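Data file: upload-v4.csv. Format and content: CSV, C-alpha atoms.
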chain,number,residue,atom,x,y,z
A,142,MET,CA,23.9,-62.5,67.6
A,143,GLY,CA,20.6,-60.8,68.1
A,144,LEU,CA,19.0,-57.8,66.5
A,145,THR,CA,21.8,-55.5,67.6
A,146,THR,CA,24.4,-57.5,65.6
A,147,LEU,CA,22.5,-57.2,62.3
A,148,PRO,CA,23.4,-56.7,59.5
A,149,ARG,CA,26.5,-58.9,59.7
A,150,THR,CA,28.7,-60.7,57.4
A,151,LEU,CA,28.8,-64.5,57.6
A,152,THR,CA,31.6,-66.7,56.3
A,153,LEU,CA,30.5,-70.1,55.3
A,154,GLN,CA,32.6,-73.2,55.8
A,155,ASP,CA,33.7,-73.1,52.2
A,156,GLY,CA,34.8,-69.5,52.5
A,157,ARG,CA,31.9,-67.8,50.7
A,158,THR,CA,30.7,-64.7,52.5
A,159,LEU,CA,27.1,-63.7,52.8
A,160,GLU,CA,25.2,-60.9,54.4
A,161,LEU,CA,22.6,-61.5,57.1
A,162,HIS,CA,20.1,-58.8,57.6
A,163,LEU,CA,16.5,-58.2,58.5
A,164,LEU,CA,14.2,-58.3,55.5
A,165,GLU,CA,13.8,-55.0,53.8
A,166,VAL,CA,11.1,-54.1,51.3
A,167,SER,CA,13.8,-53.9,48.6
A,168,ASP,CA,14.5,-57.6,49.2
A,169,CYS,CA,11.0,-58.7,48.4
A,170,LEU,CA,11.5,-59.5,44.7
A,171,SER,CA,14.7,-61.4,45.4
A,172,LEU,CA,12.9,-63.3,48.1
A,173,VAL,CA,10.0,-64.4,45.9
A,174,GLU,CA,12.6,-65.3,43.2
A,175,PHE,CA,14.4,-67.4,45.8
A,176,TYR,CA,11.3,-69.3,46.6
A,177,ARG,CA,10.3,-69.7,42.9
A,178,THR,CA,13.7,-71.3,42.1
A,179,LEU,CA,13.4,-73.8,45.1
A,180,PRO,CA,12.8,-77.3,43.9
A,181,GLU,CA,9.2,-78.5,44.2
A,182,GLN,CA,10.4,-81.1,46.7
A,183,ASP,CA,11.7,-78.3,49.0
A,184,ARG,CA,8.7,-76.1,48.6
A,185,GLN,CA,6.2,-78.8,49.5
A,186,VAL,CA,7.4,-78.8,53.1
A,187,LEU,CA,6.5,-75.1,53.4
A,188,LYS,CA,3.2,-74.1,55.0
A,189,ASP,CA,2.3,-71.5,52.4
A,190,ASP,CA,2.5,-71.1,48.6
A,191,VAL,CA,5.4,-68.8,48.8
A,192,THR,CA,5.6,-68.2,45.0
A,193,THR,CA,2.7,-65.9,44.7
A,194,LYS,CA,2.5,-62.1,45.0
A,195,GLU,CA,-0.4,-62.5,47.5
A,196,TRP,CA,1.8,-64.5,49.8
A,197,ALA,CA,4.5,-61.8,49.5
A,198,ASP,CA,2.0,-59.0,50.3
A,199,ARG,CA,0.6,-60.9,53.3
A,200,PHE,CA,4.1,-61.7,54.5
A,201,LEU,CA,5.3,-58.1,54.3
A,202,ARG,CA,2.2,-57.0,56.3
A,203,LYS,CA,3.1,-59.4,59.1
A,204,VAL,CA,6.7,-58.2,59.0
A,205,ALA,CA,5.5,-54.6,59.3
A,206,THR,CA,3.4,-55.5,62.4
A,207,LYS,CA,6.4,-57.4,63.8
A,208,GLU,CA,4.3,-60.5,64.0
A,209,VAL,CA,7.1,-62.0,61.9
A,210,ILE,CA,10.8,-61.1,62.3
A,211,CYS,CA,12.3,-62.1,59.0
A,212,LEU,CA,16.0,-62.7,58.4
A,213,VAL,CA,17.5,-63.0,55.0
A,214,ALA,CA,20.9,-64.3,53.9
A,215,LYS,CA,22.1,-62.7,50.7
A,216,ASP,CA,24.9,-63.7,48.3
A,217,GLY,CA,25.5,-60.5,46.5
A,218,ASP,CA,22.0,-59.4,45.4
A,219,LYS,CA,20.6,-62.9,45.6
A,220,VAL,CA,18.6,-64.2,48.6
A,221,VAL,CA,20.0,-67.7,49.5
A,222,GLY,CA,18.3,-68.2,52.8
A,223,GLU,CA,15.2,-67.0,54.7
A,224,GLY,CA,14.5,-67.6,58.3
A,225,SER,CA,11.6,-66.2,60.2
A,226,LEU,CA,10.4,-66.0,63.7
A,227,TYR,CA,6.6,-66.1,63.8
A,228,ARG,CA,4.9,-65.0,67.0
A,229,SER,CA,1.5,-64.3,68.3
A,230,LEU,CA,1.2,-60.7,69.6
A,231,HIS,CA,-1.9,-61.6,71.7
A,232,GLY,CA,-3.5,-64.5,73.4
A,233,TRP,CA,-2.4,-67.6,75.3
A,234,THR,CA,0.6,-68.5,73.1
A,235,LYS,CA,2.2,-65.1,73.0
A,236,HIS,CA,5.2,-66.5,74.9
A,237,VAL,CA,5.7,-69.0,72.1
A,238,GLY,CA,7.6,-68.3,68.8
A,239,GLU,CA,7.9,-70.5,65.8
A,240,ILE,CA,11.0,-70.6,63.6
A,241,ARG,CA,10.7,-71.4,59.9
A,242,LEU,CA,13.9,-71.7,57.9
A,243,THR,CA,14.7,-72.3,54.3
A,244,THR,CA,18.1,-72.3,52.6
A,245,ALA,CA,19.1,-72.7,49.0
A,246,ARG,CA,20.5,-76.1,48.1
A,247,THR,CA,23.7,-74.5,46.8
A,248,HIS,CA,24.4,-73.1,50.3
A,249,ARG,CA,23.5,-76.1,52.5
A,250,ARG,CA,25.9,-78.0,54.7
A,251,GLN,CA,28.0,-74.9,55.1
A,252,GLY,CA,26.8,-73.6,58.5
A,253,LEU,CA,24.2,-71.2,57.1
A,254,GLY,CA,21.2,-72.9,58.6
A,255,LEU,CA,22.8,-73.1,62.0
A,256,ALA,CA,23.9,-69.4,61.9
A,257,MET,CA,20.4,-68.3,60.9
A,258,ALA,CA,18.7,-70.5,63.4
A,259,SER,CA,20.9,-69.4,66.3
A,260,THR,CA,20.4,-65.7,65.3
A,261,LEU,CA,16.6,-66.2,65.4
A,262,VAL,CA,16.8,-68.0,68.8
A,263,LYS,CA,18.8,-65.1,70.1
A,264,ILE,CA,16.3,-62.6,68.7
A,265,ALA,CA,13.4,-64.6,70.2
A,266,THR,CA,15.0,-64.6,73.7
A,267,ASP,CA,15.7,-60.9,73.5
A,268,LEU,CA,12.0,-60.3,72.6
A,269,GLY,CA,11.1,-62.2,75.8
A,270,ILE,CA,9.8,-65.3,74.0
A,271,GLU,CA,10.0,-68.2,76.4
A,272,LYS,CA,9.4,-71.2,74.2
A,273,ILE,CA,10.4,-71.7,70.6
A,274,VAL,CA,9.0,-74.4,68.3
A,275,VAL,CA,10.0,-75.7,64.9
A,276,ASN,CA,8.2,-78.2,62.7
A,277,MET,CA,9.9,-80.6,60.4
A,278,VAL,CA,9.2,-83.7,58.4
A,279,GLU,CA,10.8,-86.9,59.8
A,280,ASN,CA,13.3,-87.2,56.9
A,281,GLN,CA,14.7,-83.7,57.3
A,282,LEU,CA,17.6,-85.1,59.3
A,283,GLY,CA,20.0,-82.1,58.6
A,284,THR,CA,17.4,-79.7,59.9
A,285,ARG,CA,16.8,-81.8,63.0
A,286,ARG,CA,20.6,-81.9,63.8
A,287,THR,CA,20.8,-78.2,63.4
A,288,PHE,CA,18.1,-77.5,65.9
A,289,GLU,CA,19.4,-80.2,68.3
A,290,LYS,CA,22.7,-78.3,68.4
A,291,LEU,CA,20.7,-75.3,69.6
A,292,GLY,CA,19.1,-77.3,72.5
A,293,PHE,CA,15.8,-78.2,70.7
A,294,GLN,CA,14.2,-81.5,71.7
A,295,LYS,CA,11.5,-83.6,70.1
A,296,GLU,CA,8.3,-82.6,71.8
A,297,ALA,CA,5.6,-84.3,69.6
A,298,VAL,CA,5.2,-86.5,66.6
A,299,LEU,CA,2.1,-86.2,64.5
A,300,PRO,CA,2.0,-89.6,62.6
A,301,ARG,CA,1.5,-89.5,58.9
A,302,HIS,CA,0.6,-85.8,59.1
A,303,VAL,CA,2.3,-84.6,55.9
A,304,LYS,CA,2.2,-86.1,52.4
A,305,ASP,CA,5.3,-85.7,50.3
A,306,ILE,CA,5.6,-85.1,46.5
A,307,SER,CA,5.3,-88.8,45.7
A,308,GLY,CA,2.2,-89.2,47.9
A,309,ILE,CA,3.9,-90.9,50.8
A,310,LYS,CA,2.5,-89.9,54.2
A,311,ARG,CA,5.2,-88.9,56.7
A,312,ASP,CA,5.4,-88.0,60.4
A,313,LEU,CA,5.6,-84.4,61.3
A,314,ILE,CA,8.0,-83.7,64.2
A,315,VAL,CA,7.5,-80.8,66.5
A,316,MET,CA,10.8,-79.8,68.2
A,317,ALA,CA,10.8,-77.2,71.0
A,318,ASN,CA,13.3,-75.3,73.1
A,319,ASP,CA,12.0,-73.9,76.4
A,320,VAL,CA,14.4,-70.9,76.5
A,321,SER,CA,12.9,-69.6,79.7
A,322,GLN,CA,14.9,-72.4,81.4
A,323,ILE,CA,18.1,-70.7,80.3
A,324,TRP,CA,17.3,-67.8,82.5
A,325,ALA,CA,15.8,-69.9,85.2
A,326,ALA,CA,19.4,-71.3,85.7
A,327,MET,CA,20.7,-67.8,86.0
A,328,GLU,CA,17.9,-66.9,88.5
A,329,ALA,CA,18.9,-69.9,90.6
A,330,MET,CA,22.5,-68.7,90.6
A,331,VAL,CA,21.6,-65.3,92.0
A,332,GLN,CA,19.5,-66.7,94.8
A,333,ASP,CA,22.2,-65.9,97.4
A,334,TYR,CA,21.0,-69.0,99.2
A,335,SER,CA,22.4,-72.4,99.6
A,336,PRO,CA,20.0,-75.1,101.0
A,337,HIS,CA,23.0,-77.4,101.5
A,338,SER,CA,25.0,-74.9,103.5
A,339,GLY,CA,26.2,-76.3,106.8
A,340,GLU,CA,25.8,-79.9,105.9
B,488,MET,CA,51.8,-56.1,97.1
B,489,ALA,CA,49.4,-55.4,99.9
B,490,LYS,CA,46.3,-57.5,99.8
B,491,THR,CA,42.9,-56.0,98.8
B,492,GLU,CA,40.0,-56.7,101.0
B,493,ILE,CA,36.5,-56.4,99.5
B,494,ARG,CA,33.1,-56.7,101.0
B,495,VAL,CA,30.0,-57.1,98.8
B,496,GLY,CA,26.7,-56.5,100.5
B,497,GLY,CA,23.1,-56.4,99.5
B,498,LEU,CA,19.9,-58.5,99.6
B,499,GLY,CA,19.3,-62.1,98.9
B,500,GLY,CA,18.3,-62.5,95.3
B,501,GLN,CA,20.5,-59.7,94.0
B,502,GLY,CA,23.3,-62.1,93.2
B,503,VAL,CA,25.6,-60.7,95.9
B,504,ILE,CA,27.5,-64.0,96.3
B,505,LEU,CA,27.8,-64.6,92.6
B,506,CYS,CA,29.2,-61.1,92.2
B,507,ALA,CA,31.8,-61.7,94.9
B,508,SER,CA,32.6,-65.2,93.6
B,509,ILE,CA,33.3,-63.9,90.0
B,510,ILE,CA,35.7,-61.2,91.4
B,511,GLY,CA,37.5,-63.9,93.4
B,512,LYS,CA,37.5,-66.3,90.5
B,513,CYS,CA,38.8,-63.7,88.1
B,514,ALA,CA,41.7,-62.8,90.4
B,515,SER,CA,42.7,-66.3,91.3
B,516,ILE,CA,42.1,-68.3,88.1
B,517,TYR,CA,42.6,-65.7,85.4
B,518,GLU,CA,45.1,-63.3,87.0
B,519,GLY,CA,47.1,-65.9,88.9
B,520,LYS,CA,46.7,-64.2,92.3
B,521,HIS,CA,45.4,-65.7,95.5
B,522,ALA,CA,41.8,-65.1,96.5
B,523,THR,CA,39.4,-66.2,99.3
B,524,LEU,CA,35.7,-65.9,99.5
B,525,ILE,CA,33.4,-66.1,102.6
B,526,GLN,CA,29.7,-65.8,102.2
B,527,ALA,CA,26.9,-65.1,104.6
B,528,PHE,CA,23.2,-65.1,103.9
B,529,GLY,CA,19.9,-65.4,105.8
B,530,PRO,CA,17.7,-68.4,105.7
B,531,GLU,CA,15.3,-66.9,103.1
B,532,ALA,CA,16.0,-67.3,99.4
B,533,ARG,CA,15.1,-63.7,98.7
B,534,GLY,CA,15.2,-60.4,100.6
B,535,SER,CA,17.3,-61.2,103.6
B,536,ALA,CA,20.6,-59.5,104.2
B,537,CYS,CA,23.4,-61.1,102.4
B,538,SER,CA,27.1,-60.4,102.1
B,539,ALA,CA,30.4,-61.8,100.9
B,540,GLN,CA,34.0,-61.2,101.8
B,541,VAL,CA,36.7,-61.4,99.1
B,542,THR,CA,40.4,-61.1,99.7
B,543,VAL,CA,42.7,-60.8,96.8
B,544,SER,CA,46.5,-60.9,97.2
B,545,GLU,CA,49.7,-61.6,95.4
B,546,GLU,CA,50.7,-63.8,98.3
B,547,VAL,CA,49.1,-66.7,100.2
B,548,ILE,CA,46.2,-65.5,102.3
B,549,GLY,CA,46.5,-66.6,105.9
B,550,TYR,CA,43.4,-65.1,107.3
B,551,PRO,CA,40.4,-64.8,105.0
B,552,TYR,CA,38.0,-62.7,107.1
B,553,VAL,CA,37.6,-59.1,106.0
B,554,LYS,CA,37.3,-56.8,109.0
B,555,ASN,CA,38.2,-53.5,107.4
B,556,PRO,CA,37.6,-53.6,103.7
B,557,ASP,CA,39.5,-51.5,101.1
B,558,VAL,CA,36.5,-51.7,98.8
B,559,LEU,CA,32.8,-51.9,99.6
B,560,VAL,CA,30.4,-53.0,96.8
B,561,LEU,CA,26.9,-52.2,98.1
B,562,MET,CA,23.5,-53.0,96.7
B,563,SER,CA,21.2,-52.1,99.6
B,564,GLN,CA,20.8,-49.4,102.2
B,565,ASP,CA,21.0,-52.0,105.1
B,566,ALA,CA,24.4,-53.2,103.7
B,567,TYR,CA,25.5,-49.6,103.6
B,568,THR,CA,24.5,-48.9,107.2
B,569,GLN,CA,26.1,-52.2,108.4
B,570,PHE,CA,29.4,-52.0,106.6
B,571,ILE,CA,30.3,-48.4,106.1
B,572,PRO,CA,31.8,-48.1,109.6
B,573,GLN,CA,34.2,-50.9,108.8
B,574,LEU,CA,35.6,-49.2,105.6
B,575,LYS,CA,39.3,-48.4,105.8
B,576,PRO,CA,40.1,-44.7,105.8
B,577,GLY,CA,40.7,-43.7,102.2
B,578,GLY,CA,38.7,-46.8,101.0
B,579,LEU,CA,36.4,-46.9,98.1
B,580,VAL,CA,32.6,-47.4,98.1
B,581,LEU,CA,31.0,-48.6,94.9
B,582,TYR,CA,27.2,-48.5,95.3
B,583,GLU,CA,24.0,-48.9,93.4
B,584,GLU,CA,22.8,-45.3,93.4
B,585,GLU,CA,19.1,-46.0,93.2
B,586,LEU,CA,19.2,-48.4,96.2
B,587,VAL,CA,21.8,-46.8,98.4
B,588,ASN,CA,21.8,-43.3,99.8
B,589,ILE,CA,25.2,-42.1,100.9
B,590,ASP,CA,24.5,-40.0,104.0
B,591,GLY,CA,27.8,-38.5,104.8
B,592,LYS,CA,29.0,-41.2,107.2
B,593,LEU,CA,32.0,-42.1,105.0
B,594,PRO,CA,35.3,-42.5,106.8
B,595,LYS,CA,38.0,-39.9,106.4
B,596,GLY,CA,39.4,-39.8,102.9
B,597,ALA,CA,37.0,-42.4,101.6
B,598,ARG,CA,35.5,-42.0,98.1
B,599,ALA,CA,32.1,-43.1,97.0
B,600,VAL,CA,31.1,-43.8,93.4
B,601,GLY,CA,27.5,-44.7,92.4
B,602,ILE,CA,26.1,-46.5,89.4
B,603,PRO,CA,22.4,-46.8,88.3
B,604,ALA,CA,23.0,-50.6,87.9
B,605,THR,CA,19.4,-51.6,88.3
B,606,ARG,CA,18.4,-49.2,85.5
B,607,PHE,CA,21.2,-50.4,83.3
B,608,ALA,CA,20.2,-54.0,83.9
B,609,GLU,CA,16.6,-53.2,83.1
B,610,GLU,CA,17.6,-51.3,79.9
B,611,LEU,CA,19.5,-54.4,78.8
B,612,GLY,CA,16.3,-56.4,79.3
B,613,ARG,CA,16.8,-58.3,82.5
B,614,ARG,CA,17.0,-56.9,86.0
B,615,LEU,CA,18.7,-60.2,86.9
B,616,VAL,CA,22.0,-59.0,85.5
B,617,LEU,CA,22.3,-56.2,88.1
B,618,ASN,CA,25.0,-58.1,89.9
B,619,ILE,CA,27.0,-58.5,86.6
B,620,VAL,CA,26.8,-54.8,86.0
B,621,MET,CA,28.2,-54.3,89.5
B,622,VAL,CA,31.0,-56.8,88.7
B,623,GLY,CA,31.9,-54.7,85.6
B,624,PHE,CA,31.6,-51.5,87.6
B,625,PHE,CA,34.0,-52.9,90.2
B,626,ALA,CA,36.6,-54.0,87.6
B,627,GLY,CA,36.4,-50.7,85.7
B,628,ALA,CA,36.5,-48.5,88.8
B,629,THR,CA,39.3,-50.3,90.7
B,630,ASP,CA,41.5,-51.7,87.9
B,631,LEU,CA,42.2,-54.6,90.3
B,632,VAL,CA,41.6,-57.0,87.5
B,633,SER,CA,41.9,-56.6,83.7
B,634,TRP,CA,39.0,-56.5,81.3
B,635,GLU,CA,40.2,-59.7,79.6
B,636,SER,CA,40.2,-61.6,82.9
B,637,ILE,CA,36.9,-60.4,84.1
B,638,GLU,CA,35.3,-61.2,80.8
B,639,LYS,CA,36.6,-64.7,81.0
B,640,ALA,CA,35.5,-65.1,84.6
B,641,VAL,CA,31.9,-64.0,83.8
B,642,LYS,CA,31.7,-66.1,80.6
B,643,SER,CA,32.8,-69.2,82.6
B,644,SER,CA,30.4,-68.5,85.5
B,645,VAL,CA,27.1,-67.9,83.9
B,646,PRO,CA,24.7,-70.5,82.4
B,647,LYS,CA,25.0,-71.4,78.8
B,648,GLY,CA,22.8,-69.2,76.6
B,649,THR,CA,23.0,-66.2,78.9
B,650,GLU,CA,26.6,-65.2,78.1
B,651,GLU,CA,25.8,-62.5,75.6
B,652,LEU,CA,23.5,-60.5,77.8
B,653,ASN,CA,25.7,-61.0,80.8
B,654,LEU,CA,28.8,-59.8,78.9
B,655,LYS,CA,26.8,-56.7,77.7
B,656,ALA,CA,25.9,-56.0,81.4
B,657,LEU,CA,29.6,-56.5,82.3
B,658,LYS,CA,30.7,-54.0,79.6
B,659,LYS,CA,28.1,-51.5,80.6
B,660,GLY,CA,29.3,-51.5,84.2
B,661,TYR,CA,32.9,-51.6,83.2
B,662,ASP,CA,32.7,-48.6,80.9
B,663,TYR,CA,30.8,-46.7,83.5
B,664,GLY,CA,33.3,-47.6,86.2
B,665,LYS,CA,36.2,-46.4,84.0
B,666,GLU,CA,34.4,-43.1,83.3
B,667,GLN,CA,33.7,-42.5,87.0
B,668,ALA,CA,37.2,-43.5,88.0
B,669,ALA,CA,38.7,-41.0,85.5
B,670,GLN,CA,36.6,-38.2,87.0
B,671,LEU,CA,37.8,-39.1,90.5
B,672,LYS,CA,41.5,-38.7,89.4

Just give me the structure of the file as structure tokens.
Amino acid sequence: MGLTTLPRTLTLQDGRTLELHLLEVSDCLSLVEFYRTLPEQDRQVLKDDVTTKEWADRFLRKVATKEVICLVAKDGDKVVGEGSLYRSLHGWTKHVGEIRLTTARTHRRQGLGLAMASTLVKIATDLGIEKIVVNMVENQLGTRRTFEKLGFQKEAVLPRHVKDISGIKRDLIVMANDVSQIWAAMEAMVQDYSPHSGE
Amino acid sequence: MAKTEIRVGGLGGQGVILCASIIGKCASIYEGKHATLIQAFGPEARGSACSAQVTVSEEVIGYPYVKNPDVLVLMSQDAYTQFIPQLKPGGLVLYEEELVNIDGKLPKGARAVGIPATRFAEELGRRLVLNIVMVGFFAGATDLVSWESIEKAVKSSVPKGTEELNLKALKKGYDYGKEQAAQLK
């Protein structure tokens, strides 16, 4: 499910089929349109103002430098989901990646978020990223369940860190998946050594 | 059917025992044959000589020790030096060609086929899957077990989350083994 398997067709639980592929420059208008049509309530949990051309230009530059690996889900010509892996190419957190994921309300609860998230996790591990984090607001229960299915665990809670559309302060949850442990298990299996042998 | 005796040899940390165990698991659980496994390793976790003996048979195996293997799977020069005199005449040596130098001491009629398994594993992104490349190479070159069975055996043996890369490593070795076996015919 990593980079080598893209683009690919994804069938949702309700039978609709979408195409998952890495963001291309030609998707840009459709991506901005996707964000503009998102309800305000959904957009306010995003870190950036994704409706502006400046954001799109900045984002494309990061995609070009591979600081961001962006995956889009398209229903025909329309973007209905965007998931990105953000990573630092230098410095002390270059082993860490962050996933940000947004899907259209019309396509939720159909397995799209899980498919995109698992593809991004696979891309991250293929790129050698050892730890993946995702931030979410306490009441994003569906998102939380999606990432729990992929082995993410709650790592930190920042109390009253975000303010929602009605001015209520909510906790920000940081979930993390130490994917280096996956390969540590494989490493243990190829040790050719059993400390319990002979007991 | 006569039983097939296999010796897998290499260094600790190469996954010698896992390699042998997957071959045995594949034959016994997914192909309905009988299989035994005996393992030997040094006290160190890495770098010591390490080997495993696998016997695969259609019938019950009364004696699990491999004295004269039909197939040698070798991942180190020391293993080659130690085990090559034991190979049956007409036997098959499957070796990691960047780690083992075949020096002409092969028994009469024996065939040797090499694979750059370490390079393949590194190209796939993790040297760790070297042993799975060798498992695939074994399956492709010997036809002792089917692709479907070996695929299931690998999938059920490796840690969750590592299946995809391990299966790629298996396929890489399997296809290479098939190609090399075709050239031998």

request  = Considering only C-alpha atoms, extract the chain B residues located within 6 Å of chain A and return them as JSON, numbers by chain.
outcome  = {"B": [499, 500, 502, 504, 532]}

request  = Quick one: everything within 12 Å of Cys169 of chain A, counting all atoms listed in the file, minus sequence neighbours fewer than 4 positions away in the same chain. Send it as a PyMOL selection string.
outcome  = chain A and resi 163-165+173-176+191-194+196-202+204+211-213+218-220+223

message = Would you pick out the contacts of segment 227-231 of chain A at 9 Å or less, using all atoms listed in the file, so that residues sharing its chain but fewer than 4 positions from it are not included, and give the list as number ranges by chain?
response = A: 203, 207-211, 235-241, 270

query = Expressed in Å to a single decimal, how great is the separation between atom CA of Ile493 of chain B and atom CA of Gln569 of chain B?
reply = 14.3 Å

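When only C-alpha atoms are used to compute distances to Asp319 of chain A, the closest of the residues A:Asp190, A:Asp168, A:Glu296, A:Glu181 turns out to be A:Glu296.
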
key: Spatial neighbours of Ile510 of chain B, max dist 8 Å, only C-alpha atoms, sep filter under 3 positions, as a VMD selection string   = chain B and resid 506 to 507 513 to 514 541 622 637 640

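Atom CA of His521 of chain B to atom CA of Leu559 of chain B spans 19.1 Å [interatomic distance, one decimal].
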
request  = May I have the protein, DNA and RNA residues with an atom at most 7 Å from (13.5, -72.5, 73.2), counting all atoms listed in the file in the file's coordinates, returned as a VMD selection string?
outcome  = chain A and resid 271 to 274 293 317 to 320

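Those residues that approach Lys655 of chain B to within 10 Å, counting all atoms listed in the file, are Ala608, Leu611, Val616, Ile619, Val620, Gly623, Glu650, Glu651, Leu652, Lys658, Lys659, Gly660 and Tyr661 of chain B; same-chain residues fewer than 3 positions away are not listed.
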
message = At a cut-off of 12 Å, using all atoms listed in the file, what residues contact Pro300 of chain A? Leave out same-chain residues fewer than 5 positions from it and give the result as an NGL selection string.
response = :A and (278-279 or 310-315)

Selected residues, C-alpha atoms, written as a PDB file, in the frame of the given file, please.
ATOM      1  CA  VAL A 278       9.200 -83.700  58.400  1.00  0.00           C
ATOM      2  CA  GLU A 279      10.800 -86.900  59.800  1.00  0.00           C
ATOM      3  CA  LYS A 310       2.500 -89.900  54.200  1.00  0.00           C
ATOM      4  CA  ARG A 311       5.200 -88.900  56.700  1.00  0.00           C
ATOM      5  CA  ASP A 312       5.400 -88.000  60.400  1.00  0.00           C
ATOM      6  CA  LEU A 313       5.600 -84.400  61.300  1.00  0.00           C
ATOM      7  CA  ILE A 314       8.000 -83.700  64.200  1.00  0.00           C
ATOM      8  CA  VAL A 315       7.500 -80.800  66.500  1.00  0.00           C
TER       9      VAL A 315
END

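In this model, the gap between atom CA of Thr150 of chain A and atom CA of Ile264 of chain A comes to 16.9 Å.
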
Step by step: start from the point (27.3, -67.3, 105.3) in the file's coordinates, keep every protein, DNA or RNA residue that has an atom no farther than 8 Å from it, count only C-alpha atoms, and write the set as a short mmCIF file (atom, residue, chain, number, x, y, z; two decimals) with C-alpha atoms, in the coordinates of the input.
data_model
loop_
_atom_site.label_atom_id
_atom_site.label_comp_id
_atom_site.auth_asym_id
_atom_site.auth_seq_id
_atom_site.Cartn_x
_atom_site.Cartn_y
_atom_site.Cartn_z
CA ILE B 525 33.40 -66.10 102.60
CA GLN B 526 29.70 -65.80 102.20
CA ALA B 527 26.90 -65.10 104.60
CA PHE B 528 23.20 -65.10 103.90
CA GLY B 529 19.90 -65.40 105.80
CA CYS B 537 23.40 -61.10 102.40
CA SER B 538 27.10 -60.40 102.10
CA ALA B 539 30.40 -61.80 100.90
#
